[in-house]
file my_file-v7.cif (mmCIF, C-alpha atoms, pLDDT in the B column; chains and numbers go by the auth columns)
data_final
#
loop_
_atom_site.group_PDB
_atom_site.id
_atom_site.type_symbol
_atom_site.label_atom_id
_atom_site.label_comp_id
_atom_site.label_asym_id
_atom_site.label_seq_id
_atom_site.Cartn_x
_atom_site.Cartn_y
_atom_site.Cartn_z
_atom_site.B_iso_or_equiv
_atom_site.auth_seq_id
_atom_site.auth_asym_id
ATOM 1 C CA MET A 1 6.065 2.559 73.115 79.00 1 A
ATOM 2 C CA ASP A 2 5.646 3.378 69.453 93.00 2 A
ATOM 3 C CA PHE A 3 8.673 4.497 67.449 95.00 3 A
ATOM 4 C CA ASP A 4 7.906 8.235 67.506 96.00 4 A
ATOM 5 C CA THR A 5 7.486 8.163 71.291 96.00 5 A
ATOM 6 C CA ILE A 6 10.825 6.392 71.725 97.00 6 A
ATOM 7 C CA VAL A 7 12.700 8.829 69.466 96.00 7 A
ATOM 8 C CA ARG A 8 11.124 11.971 70.929 96.00 8 A
ATOM 9 C CA GLY A 9 11.333 10.751 74.508 95.00 9 A
ATOM 10 C CA ARG A 10 14.909 9.491 74.460 97.00 10 A
ATOM 11 C CA ARG A 11 17.528 11.657 76.111 96.00 11 A
ATOM 12 C CA SER A 12 21.117 11.227 77.203 97.00 12 A
ATOM 13 C CA ILE A 13 21.285 9.732 80.695 98.00 13 A
ATOM 14 C CA ARG A 14 24.204 10.721 82.906 97.00 14 A
ATOM 15 C CA GLY A 15 23.032 9.425 86.275 97.00 15 A
ATOM 16 C CA TYR A 16 22.261 5.742 86.856 98.00 16 A
ATOM 17 C CA LYS A 17 20.879 3.395 89.462 97.00 17 A
ATOM 18 C CA PRO A 18 23.415 0.746 90.532 95.00 18 A
ATOM 19 C CA ASP A 19 21.042 -2.051 89.470 97.00 19 A
ATOM 20 C CA PRO A 20 22.616 -4.430 86.933 97.00 20 A
ATOM 21 C CA ILE A 21 21.059 -4.900 83.504 98.00 21 A
ATOM 22 C CA PRO A 22 20.168 -8.574 82.961 98.00 22 A
ATOM 23 C CA LYS A 23 22.277 -10.168 80.245 98.00 23 A
ATOM 24 C CA ASP A 24 19.121 -11.308 78.417 98.00 24 A
ATOM 25 C CA VAL A 25 17.934 -7.686 78.182 98.00 25 A
ATOM 26 C CA LEU A 26 21.304 -6.607 76.787 98.00 26 A
ATOM 27 C CA LYS A 27 21.121 -9.388 74.202 98.00 27 A
ATOM 28 C CA GLU A 28 17.667 -8.171 73.132 98.00 28 A
ATOM 29 C CA ILE A 29 18.958 -4.604 72.792 98.00 29 A
ATOM 30 C CA ILE A 30 21.925 -5.718 70.687 98.00 30 A
ATOM 31 C CA ASP A 31 19.750 -7.993 68.539 98.00 31 A
ATOM 32 C CA ILE A 32 17.524 -5.027 67.639 98.00 32 A
ATOM 33 C CA ALA A 33 20.448 -2.624 67.130 98.00 33 A
ATOM 34 C CA ALA A 34 22.214 -5.078 64.830 98.00 34 A
ATOM 35 C CA ARG A 35 19.379 -4.631 62.315 97.00 35 A
ATOM 36 C CA ALA A 36 21.020 -1.293 61.456 97.00 36 A
ATOM 37 C CA PRO A 37 21.907 -0.728 57.798 96.00 37 A
ATOM 38 C CA SER A 38 25.533 -0.881 56.722 95.00 38 A
ATOM 39 C CA SER A 39 27.428 -0.270 53.502 93.00 39 A
ATOM 40 C CA MET A 40 27.080 -3.287 51.197 93.00 40 A
ATOM 41 C CA ASN A 41 25.836 -5.246 54.244 95.00 41 A
ATOM 42 C CA THR A 42 29.403 -5.370 55.604 93.00 42 A
ATOM 43 C CA GLN A 43 28.182 -5.176 59.240 95.00 43 A
ATOM 44 C CA PRO A 44 31.674 -4.085 60.357 94.00 44 A
ATOM 45 C CA TRP A 45 30.795 -3.574 64.017 96.00 45 A
ATOM 46 C CA HIS A 46 31.948 -5.335 67.163 97.00 46 A
ATOM 47 C CA LEU A 47 30.334 -4.619 70.531 98.00 47 A
ATOM 48 C CA HIS A 48 32.331 -5.324 73.677 98.00 48 A
ATOM 49 C CA VAL A 49 29.847 -5.298 76.572 98.00 49 A
ATOM 50 C CA ILE A 50 31.568 -4.694 79.902 97.00 50 A
ATOM 51 C CA SER A 51 30.380 -4.645 83.504 98.00 51 A
ATOM 52 C CA GLY A 52 31.565 -5.418 87.007 97.00 52 A
ATOM 53 C CA GLU A 53 35.241 -5.457 87.973 97.00 53 A
ATOM 54 C CA PRO A 54 36.646 -5.072 84.431 97.00 54 A
ATOM 55 C CA LEU A 55 34.596 -1.899 83.977 97.00 55 A
ATOM 56 C CA ASP A 56 35.771 -0.587 87.354 97.00 56 A
ATOM 57 C CA ARG A 57 39.377 -1.100 86.270 96.00 57 A
ATOM 58 C CA ILE A 58 38.719 0.797 83.038 96.00 58 A
ATOM 59 C CA ARG A 59 37.157 3.676 84.989 95.00 59 A
ATOM 60 C CA ALA A 60 40.120 3.838 87.344 95.00 60 A
ATOM 61 C CA GLY A 61 42.775 3.630 84.624 95.00 61 A
ATOM 62 C CA ASN A 62 41.021 6.146 82.380 93.00 62 A
ATOM 63 C CA THR A 63 40.687 8.618 85.259 93.00 63 A
ATOM 64 C CA GLU A 64 44.239 8.176 86.556 94.00 64 A
ATOM 65 C CA ARG A 65 45.857 8.635 83.149 93.00 65 A
ATOM 66 C CA ASN A 66 43.768 11.678 82.272 91.00 66 A
ATOM 67 C CA LEU A 67 44.444 13.349 85.631 91.00 67 A
ATOM 68 C CA ALA A 68 48.152 12.627 85.168 94.00 68 A
ATOM 69 C CA GLY A 69 48.078 14.544 81.889 92.00 69 A
ATOM 70 C CA VAL A 70 48.564 11.536 79.621 93.00 70 A
ATOM 71 C CA PRO A 71 47.524 12.671 76.109 90.00 71 A
ATOM 72 C CA SER A 72 44.306 11.254 74.728 89.00 72 A
ATOM 73 C CA SER A 73 44.770 8.070 72.707 88.00 73 A
ATOM 74 C CA ARG A 74 41.426 7.835 70.966 87.00 74 A
ATOM 75 C CA GLU A 75 41.716 5.701 67.857 86.00 75 A
ATOM 76 C CA PHE A 76 39.816 8.050 65.570 81.00 76 A
ATOM 77 C CA ARG A 77 40.202 11.695 64.661 77.00 77 A
ATOM 78 C CA VAL A 78 38.303 14.265 66.721 78.00 78 A
ATOM 79 C CA GLU A 79 37.887 18.005 66.399 75.00 79 A
ATOM 80 C CA ASP A 80 40.506 19.994 68.304 76.00 80 A
ATOM 81 C CA LYS A 81 37.713 22.429 69.101 87.00 81 A
ATOM 82 C CA TYR A 82 34.377 23.456 67.702 90.00 82 A
ATOM 83 C CA GLU A 83 33.802 26.926 66.330 94.00 83 A
ATOM 84 C CA GLY A 84 30.899 29.038 65.118 95.00 84 A
ATOM 85 C CA VAL A 85 27.403 27.574 65.308 95.00 85 A
ATOM 86 C CA HIS A 86 28.764 24.170 66.325 93.00 86 A
ATOM 87 C CA ARG A 87 30.503 25.717 69.326 94.00 87 A
ATOM 88 C CA ASP A 88 27.298 27.584 70.161 95.00 88 A
ATOM 89 C CA ARG A 89 25.335 24.330 70.306 94.00 89 A
ATOM 90 C CA GLN A 90 28.036 22.686 72.401 93.00 90 A
ATOM 91 C CA VAL A 91 27.987 25.536 74.900 94.00 91 A
ATOM 92 C CA LYS A 92 24.193 25.642 75.028 95.00 92 A
ATOM 93 C CA VAL A 93 23.814 22.035 76.154 95.00 93 A
ATOM 94 C CA ALA A 94 26.692 22.453 78.645 94.00 94 A
ATOM 95 C CA VAL A 95 24.875 25.442 80.154 95.00 95 A
ATOM 96 C CA GLN A 96 21.670 23.391 80.372 96.00 96 A
ATOM 97 C CA LEU A 97 23.493 20.587 82.182 95.00 97 A
ATOM 98 C CA PHE A 98 25.358 22.841 84.594 95.00 98 A
ATOM 99 C CA GLU A 99 22.206 24.774 85.432 96.00 99 A
ATOM 100 C CA ALA A 100 20.344 21.530 86.117 96.00 100 A
ATOM 101 C CA MET A 101 23.173 20.350 88.388 96.00 101 A
ATOM 102 C CA GLY A 102 23.543 23.737 90.082 96.00 102 A
ATOM 103 C CA ILE A 103 27.173 24.053 88.995 95.00 103 A
ATOM 104 C CA GLU A 104 28.230 27.700 88.937 94.00 104 A
ATOM 105 C CA ARG A 105 30.596 29.010 86.283 88.00 105 A
ATOM 106 C CA HIS A 106 33.301 29.805 88.862 92.00 106 A
ATOM 107 C CA ASP A 107 32.973 26.471 90.710 94.00 107 A
ATOM 108 C CA ALA A 108 36.122 24.801 89.375 93.00 108 A
ATOM 109 C CA GLU A 109 35.884 21.868 91.795 94.00 109 A
ATOM 110 C CA ARG A 110 32.398 20.791 90.750 94.00 110 A
ATOM 111 C CA ARG A 111 33.125 21.401 87.083 93.00 111 A
ATOM 112 C CA GLN A 112 36.160 19.125 87.407 93.00 112 A
ATOM 113 C CA GLU A 113 34.035 16.478 89.117 94.00 113 A
ATOM 114 C CA TRP A 114 31.647 16.616 86.173 94.00 114 A
ATOM 115 C CA VAL A 115 34.538 15.935 83.793 92.00 115 A
ATOM 116 C CA LEU A 116 35.667 13.042 85.984 93.00 116 A
ATOM 117 C CA ARG A 117 32.177 11.536 85.780 94.00 117 A
ATOM 118 C CA GLY A 118 32.643 11.402 82.026 93.00 118 A
ATOM 119 C CA PHE A 119 35.986 9.640 82.426 92.00 119 A
ATOM 120 C CA ARG A 120 34.172 7.101 84.652 94.00 120 A
ATOM 121 C CA GLN A 121 31.462 6.637 82.009 95.00 121 A
ATOM 122 C CA PHE A 122 29.049 8.300 84.413 96.00 122 A
ATOM 123 C CA ASP A 123 29.293 5.345 86.816 96.00 123 A
ATOM 124 C CA ALA A 124 26.918 3.333 84.624 98.00 124 A
ATOM 125 C CA PRO A 125 26.714 -0.391 85.394 98.00 125 A
ATOM 126 C CA VAL A 126 27.377 -1.319 81.757 98.00 126 A
ATOM 127 C CA SER A 127 29.616 0.061 79.039 98.00 127 A
ATOM 128 C CA VAL A 128 29.358 -1.003 75.422 98.00 128 A
ATOM 129 C CA ILE A 129 32.595 -0.403 73.514 97.00 129 A
ATOM 130 C CA VAL A 130 31.766 0.051 69.830 97.00 130 A
ATOM 131 C CA ALA A 131 34.566 -1.020 67.474 96.00 131 A
ATOM 132 C CA TYR A 132 35.062 -1.877 63.813 94.00 132 A
ATOM 133 C CA ASP A 133 37.263 -4.151 61.711 92.00 133 A
ATOM 134 C CA LYS A 134 40.718 -2.615 61.278 91.00 134 A
ATOM 135 C CA GLU A 135 41.076 -3.995 57.748 91.00 135 A
ATOM 136 C CA LEU A 136 38.355 -1.671 56.464 87.00 136 A
ATOM 137 C CA GLN A 137 39.334 1.639 54.873 81.00 137 A
ATOM 138 C CA GLY A 138 37.327 4.773 54.158 81.00 138 A
ATOM 139 C CA ASP A 139 34.888 6.920 56.102 86.00 139 A
ATOM 140 C CA ILE A 140 31.810 4.768 55.405 89.00 140 A
ATOM 141 C CA ARG A 141 32.709 2.548 58.381 89.00 141 A
ATOM 142 C CA HIS A 142 32.045 5.474 60.736 91.00 142 A
ATOM 143 C CA PHE A 143 28.611 5.912 59.171 93.00 143 A
ATOM 144 C CA ASP A 144 27.905 2.228 59.773 95.00 144 A
ATOM 145 C CA LEU A 145 28.950 2.435 63.407 95.00 145 A
ATOM 146 C CA GLY A 146 26.824 5.528 63.916 96.00 146 A
ATOM 147 C CA ALA A 147 23.832 3.540 62.703 97.00 147 A
ATOM 148 C CA ILE A 148 24.270 0.666 65.151 98.00 148 A
ATOM 149 C CA THR A 149 25.112 3.041 68.004 98.00 149 A
ATOM 150 C CA TYR A 150 21.877 4.969 67.523 98.00 150 A
ATOM 151 C CA GLY A 151 20.084 1.642 67.326 98.00 151 A
ATOM 152 C CA LEU A 152 21.576 0.694 70.685 98.00 152 A
ATOM 153 C CA VAL A 153 20.341 3.786 72.503 98.00 153 A
ATOM 154 C CA LEU A 154 16.862 3.555 70.963 98.00 154 A
ATOM 155 C CA ALA A 155 16.460 -0.161 71.669 98.00 155 A
ATOM 156 C CA ALA A 156 17.698 0.416 75.219 98.00 156 A
ATOM 157 C CA TRP A 157 15.240 3.276 75.781 98.00 157 A
ATOM 158 C CA SER A 158 12.343 1.130 74.551 97.00 158 A
ATOM 159 C CA ARG A 159 13.152 -1.278 77.411 97.00 159 A
ATOM 160 C CA GLY A 160 13.482 1.335 80.137 97.00 160 A
ATOM 161 C CA VAL A 161 17.291 1.400 79.916 98.00 161 A
ATOM 162 C CA GLY A 162 19.039 4.761 79.609 98.00 162 A
ATOM 163 C CA ALA A 163 22.251 5.442 77.733 98.00 163 A
ATOM 164 C CA VAL A 164 24.700 8.144 76.732 98.00 164 A
ATOM 165 C CA ILE A 165 27.195 7.975 73.887 96.00 165 A
ATOM 166 C CA ASN A 166 30.428 8.902 75.602 93.00 166 A
ATOM 167 C CA SER A 167 33.826 9.085 73.929 90.00 167 A
ATOM 168 C CA GLN A 168 35.368 10.379 77.178 90.00 168 A
ATOM 169 C CA GLY A 169 35.169 6.807 78.386 90.00 169 A
ATOM 170 C CA ILE A 170 37.601 5.596 75.730 90.00 170 A
ATOM 171 C CA MET A 171 40.047 8.515 75.747 90.00 171 A
ATOM 172 C CA GLN A 172 42.717 6.150 77.027 93.00 172 A
ATOM 173 C CA SER A 173 42.288 3.282 74.592 93.00 173 A
ATOM 174 C CA PRO A 174 45.192 1.143 75.954 94.00 174 A
ATOM 175 C CA VAL A 175 43.343 0.925 79.275 95.00 175 A
ATOM 176 C CA VAL A 176 40.152 -0.166 77.540 95.00 176 A
ATOM 177 C CA ARG A 177 41.996 -2.719 75.418 94.00 177 A
ATOM 178 C CA GLU A 178 43.789 -4.232 78.398 95.00 178 A
ATOM 179 C CA HIS A 179 40.799 -4.718 80.669 95.00 179 A
ATOM 180 C CA ALA A 180 38.200 -5.522 77.994 94.00 180 A
ATOM 181 C CA GLY A 181 40.491 -7.841 76.048 95.00 181 A
ATOM 182 C CA ILE A 182 39.818 -6.060 72.764 96.00 182 A
ATOM 183 C CA PRO A 183 41.863 -7.651 69.953 95.00 183 A
ATOM 184 C CA GLU A 184 44.289 -5.612 67.861 93.00 184 A
ATOM 185 C CA ASN A 185 42.219 -6.018 64.704 94.00 185 A
ATOM 186 C CA HIS A 186 39.334 -4.075 66.258 95.00 186 A
ATOM 187 C CA VAL A 187 39.482 -0.253 66.176 94.00 187 A
ATOM 188 C CA ILE A 188 37.701 1.439 69.094 95.00 188 A
ATOM 189 C CA GLN A 189 35.203 4.038 67.894 94.00 189 A
ATOM 190 C CA THR A 190 33.230 5.071 70.978 94.00 190 A
ATOM 191 C CA ALA A 191 31.574 3.901 74.178 96.00 191 A
ATOM 192 C CA VAL A 192 27.940 3.807 75.243 98.00 192 A
ATOM 193 C CA ALA A 193 27.294 4.027 78.979 98.00 193 A
ATOM 194 C CA MET A 194 24.099 2.159 79.829 98.00 194 A
ATOM 195 C CA GLY A 195 21.896 1.524 82.850 98.00 195 A
ATOM 196 C CA TYR A 196 18.559 2.215 84.483 98.00 196 A
ATOM 197 C CA PRO A 197 18.044 5.984 84.852 98.00 197 A
ATOM 198 C CA ASP A 198 18.210 7.560 88.300 98.00 198 A
ATOM 199 C CA ASP A 199 15.218 9.888 88.121 96.00 199 A
ATOM 200 C CA SER A 200 16.555 11.919 91.053 97.00 200 A
ATOM 201 C CA PHE A 201 19.669 12.936 89.084 97.00 201 A
ATOM 202 C CA PRO A 202 18.915 16.463 87.800 97.00 202 A
ATOM 203 C CA ALA A 203 20.862 16.285 84.533 97.00 203 A
ATOM 204 C CA ASN A 204 18.718 13.371 83.382 97.00 204 A
ATOM 205 C CA ALA A 205 15.822 15.780 82.868 96.00 205 A
ATOM 206 C CA VAL A 206 17.783 17.892 80.386 96.00 206 A
ATOM 207 C CA VAL A 207 16.460 17.772 76.841 94.00 207 A
ATOM 208 C CA SER A 208 18.759 19.392 74.292 94.00 208 A
ATOM 209 C CA THR A 209 17.181 21.573 71.627 92.00 209 A
ATOM 210 C CA ARG A 210 16.972 20.480 68.010 94.00 210 A
ATOM 211 C CA ARG A 211 17.146 22.451 64.779 95.00 211 A
ATOM 212 C CA PRO A 212 13.787 22.794 63.012 96.00 212 A
ATOM 213 C CA VAL A 213 13.092 20.855 59.812 97.00 213 A
ATOM 214 C CA GLU A 214 13.290 24.071 57.795 95.00 214 A
ATOM 215 C CA GLU A 215 16.881 24.543 58.919 95.00 215 A
ATOM 216 C CA VAL A 216 17.932 20.926 58.569 97.00 216 A
ATOM 217 C CA ALA A 217 16.420 20.054 55.202 97.00 217 A
ATOM 218 C CA THR A 218 16.269 21.648 51.758 96.00 218 A
ATOM 219 C CA PHE A 219 13.333 20.551 49.577 95.00 219 A
ATOM 220 C CA ILE A 220 13.812 20.706 45.816 96.00 220 A
ATOM 221 C CA GLY A 221 11.193 20.071 43.127 96.00 221 A
ATOM 222 C CA PHE A 222 8.163 20.167 45.446 95.00 222 A
ATOM 223 C CA ASP A 223 5.057 22.268 44.961 91.00 223 A
ATOM 224 C CA ASP A 224 4.533 24.581 47.932 80.00 224 A
#
call {"tool": "encode", "arguments": {"input": "my_file-v7.cif", "output": "structure tokens"}}
result
Amino acid sequence: MDFDTIVRGRRSIRGYKPDPIPKDVLKEIIDIAARAPSSMNTQPWHLHVISGEPLDRIRAGNTERNLAGVPSSREFRVEDKYEGVHRDRQVKVAVQLFEAMGIERHDAERRQEWVLRGFRQFDAPVSVIVAYDKELQGDIRHFDLGAITYGLVLAAWSRGVGAVINSQGIMQSPVVREHAGIPENHVIQTAVAMGYPDDSFPANAVVSTRRPVEEVATFIGFDD
């Protein structure tokens, strides 16, 4: 696939086949993603690639703690809630997903199950925990990690591997640290669930809308 096809065709995958991803394929994906730019070439990222029993233990611990009402322990700041146009976009994609899955607004049980899928990292066979060096200060590190994370999902898609960036999977960071053996000098930023897409899973067909160029960009000094 050419680059434009990969970018326009990629979508967030939330239903996976159980088939494992060969380690060599994962290494190829990471090798491509690690070409991402970073501030002053600091390359502050660390990728903890988890599968099998350790990932199952993370799923279980994350789910149990969240259901028990244990407060989120993400290691970075998140919005308490979105408002205005940002909330509108959040709601729009949620409506798309629930409609695809046939989840009615009043169906509390199925809506809860959808949330639990997020806690389980959508039952993907692989989870990549994206972290950065704790010694670094300033917001530029988050920019750098965004670059490699986008590189991961694009490189995966080019090889037939689906992914979804999923911070629900690291809401309980002590669980992730324990079972993935993440050292204290690494700060957990997010998780990327990864696996071969299950084409029969309805939500996988959802394509979120994008703002047009005219709304995203302002052009200055150009002749019309």
call {"tool": "closest_atom_pairs", "arguments": {"input": "my_file-v7.cif", "of": "range 51-151 of chain A", "to": "range 2-13 of chain A", "cutoff": "12 Å", "atoms": "all atoms listed in the file", "output": "tab-separated table"}}
result
residue	atom	partner	partner_atom	distance
A:Val93	CA	A:Ser12	CA	11.2
A:Leu97	CA	A:Ser12	CA	10.9
A:Gly118	CA	A:Ile13	CA	11.6
A:Gln121	CA	A:Ile13	CA	10.7
A:Phe122	CA	A:Ile13	CA	8.7
A:Asp123	CA	A:Ile13	CA	11.0
A:Ala124	CA	A:Ile13	CA	9.4
A:Tyr150	CA	A:Val7	CA	10.1
A:Gly151	CA	A:Val7	CA	10.5
call {"tool": "resolve_selection", "arguments": {"input": "my_file-v7.cif", "expression": "the PyMOL selection byres ((chain A and resi 101-113) around 12)", "output": "JSON, numbers by chain"}}
result
{"A": [14, 15, 63, 66, 67, 94, 95, 96, 97, 98, 99, 100, 114, 115, 116, 117, 118, 119, 120, 122, 200, 201, 202, 203, 204, 205, 206]}
call {"tool": "closest_residue", "arguments": {"input": "my_file-v7.cif", "among": "A:Val126, A:Ile188, A:Met40, A:Val213", "to": "Lys17 in chain A", "atoms": "only C-alpha atoms"}}
result
A:Val126
call {"tool": "axis_aligned_box", "arguments": {"input": "my_file-v7.cif", "around": "range 178-187 of chain A", "padding_each_side": "6 Å", "output": "AutoDock Vina command-line options"}}
result
--center_x 41.2 --center_y -4.0 --center_z 72.7 --size_x 18.1 --size_y 19.6 --size_z 28.0
call {"tool": "resolve_selection", "arguments": {"input": "my_file-v7.cif", "expression": "the PyMOL selection byres ((chain A and resi 47) around 7)", "output": "MDAnalysis selection string"}}
result
chainID A and resid 45:46 48:49 128:131
call {"tool": "write_last_selection", "arguments": {"input": "my_file-v7.cif", "atoms": "C-alpha atoms", "output": "PDB file, in the coordinates of the input"}}
result
ATOM      1  CA  TRP A  45      30.795  -3.574  64.017  1.00 96.00           C
ATOM      2  CA  HIS A  46      31.948  -5.335  67.163  1.00 97.00           C
ATOM      3  CA  HIS A  48      32.331  -5.324  73.677  1.00 98.00           C
ATOM      4  CA  VAL A  49      29.847  -5.298  76.572  1.00 98.00           C
ATOM      5  CA  VAL A 128      29.358  -1.003  75.422  1.00 98.00           C
ATOM      6  CA  ILE A 129      32.595  -0.403  73.514  1.00 97.00           C
ATOM      7  CA  VAL A 130      31.766   0.051  69.830  1.00 97.00           C
ATOM      8  CA  ALA A 131      34.566  -1.020  67.474  1.00 96.00           C
TER       9      ALA A 131
END
call {"tool": "resolve_selection", "arguments": {"input": "my_file-v7.cif", "expression": "the PyMOL selection byres ((chain A and resi 59) around 9)", "output": "ChimeraX atom specification"}}
result
/A:54-58,60-64,119-121,123,169,175-176
call {"tool": "atom_distance", "arguments": {"input": "my_file-v7.cif", "atom1": "CA of Glu135 in chain A", "atom2": "CA of Glu184 in chain A"}}
result
10.7 Å
call {"tool": "atom_distance", "arguments": {"input": "my_file-v7.cif", "atom1": "CA of Asp139 in chain A", "atom2": "CA of Val187 in chain A"}}
result
13.2 Å
call {"tool": "closest_residue", "arguments": {"input": "my_file-v7.cif", "among": "A:Ala147, A:Ala163, A:Ile29, A:Ile170", "to": "Thr190 in chain A", "atoms": "all atoms listed in the file"}}
result
A:Ile170
call {"tool": "closest_residue", "arguments": {"input": "my_file-v7.cif", "among": "A:Ile165, A:Thr149, A:Ala156, A:Asp198", "to": "Val25 in chain A", "atoms": "all atoms listed in the file"}}
result
A:Ala156
call {"tool": "atom_distance", "arguments": {"input": "my_file-v7.cif", "atom1": "CA of Ile182 in chain A", "atom2": "CA of Arg141 in chain A"}}
result
18.2 Å
call {"tool": "closest_residue", "arguments": {"input": "my_file-v7.cif", "among": "A:Ala33, A:Val161, A:Val91, A:Met194", "to": "Ser208 in chain A", "atoms": "all atoms listed in the file"}}
result
A:Val91
call {"tool": "build_atoms", "arguments": {"input": "my_file-v7.cif", "residues": "range 26-40 of chain A", "atoms": "N, CA and C atoms", "output": "short mmCIF file (atom, residue, chain, number, x, y, z; two decimals), in the frame of the given file"}}
result
data_model
loop_
_atom_site.label_atom_id
_atom_site.label_comp_id
_atom_site.auth_asym_id
_atom_site.auth_seq_id
_atom_site.Cartn_x
_atom_site.Cartn_y
_atom_site.Cartn_z
N LEU A 26 20.24 -7.14 77.64
CA LEU A 26 21.30 -6.61 76.79
C LEU A 26 21.35 -7.33 75.44
N LYS A 27 21.14 -8.64 75.46
CA LYS A 27 21.12 -9.39 74.20
C LYS A 27 19.97 -8.93 73.31
N GLU A 28 18.82 -8.66 73.91
CA GLU A 28 17.67 -8.17 73.13
C GLU A 28 17.99 -6.82 72.49
N ILE A 29 18.59 -5.94 73.29
CA ILE A 29 18.96 -4.60 72.79
C ILE A 29 19.91 -4.72 71.61
N ILE A 30 20.92 -5.56 71.75
CA ILE A 30 21.92 -5.72 70.69
C ILE A 30 21.30 -6.37 69.45
N ASP A 31 20.41 -7.33 69.66
CA ASP A 31 19.75 -7.99 68.54
C ASP A 31 18.96 -6.99 67.70
N ILE A 32 18.28 -6.07 68.36
CA ILE A 32 17.52 -5.03 67.64
C ILE A 32 18.49 -4.06 66.96
N ALA A 33 19.50 -3.60 67.68
CA ALA A 33 20.45 -2.62 67.13
C ALA A 33 21.19 -3.17 65.91
N ALA A 34 21.45 -4.46 65.92
CA ALA A 34 22.21 -5.08 64.83
C ALA A 34 21.41 -5.18 63.53
N ARG A 35 20.16 -4.74 63.55
CA ARG A 35 19.38 -4.63 62.32
C ARG A 35 19.72 -3.34 61.57
N ALA A 36 20.63 -2.56 62.09
CA ALA A 36 21.02 -1.29 61.46
C ALA A 36 21.56 -1.55 60.05
N PRO A 37 21.33 -0.58 59.14
CA PRO A 37 21.91 -0.73 57.80
C PRO A 37 23.41 -0.50 57.82
N SER A 38 24.09 -1.11 56.86
CA SER A 38 25.53 -0.88 56.72
C SER A 38 25.89 -0.93 55.24
N SER A 39 27.00 -0.33 54.89
CA SER A 39 27.43 -0.27 53.50
C SER A 39 27.65 -1.67 52.94
N MET A 40 26.94 -1.99 51.88
CA MET A 40 27.08 -3.29 51.20
C MET A 40 26.87 -4.46 52.16
#
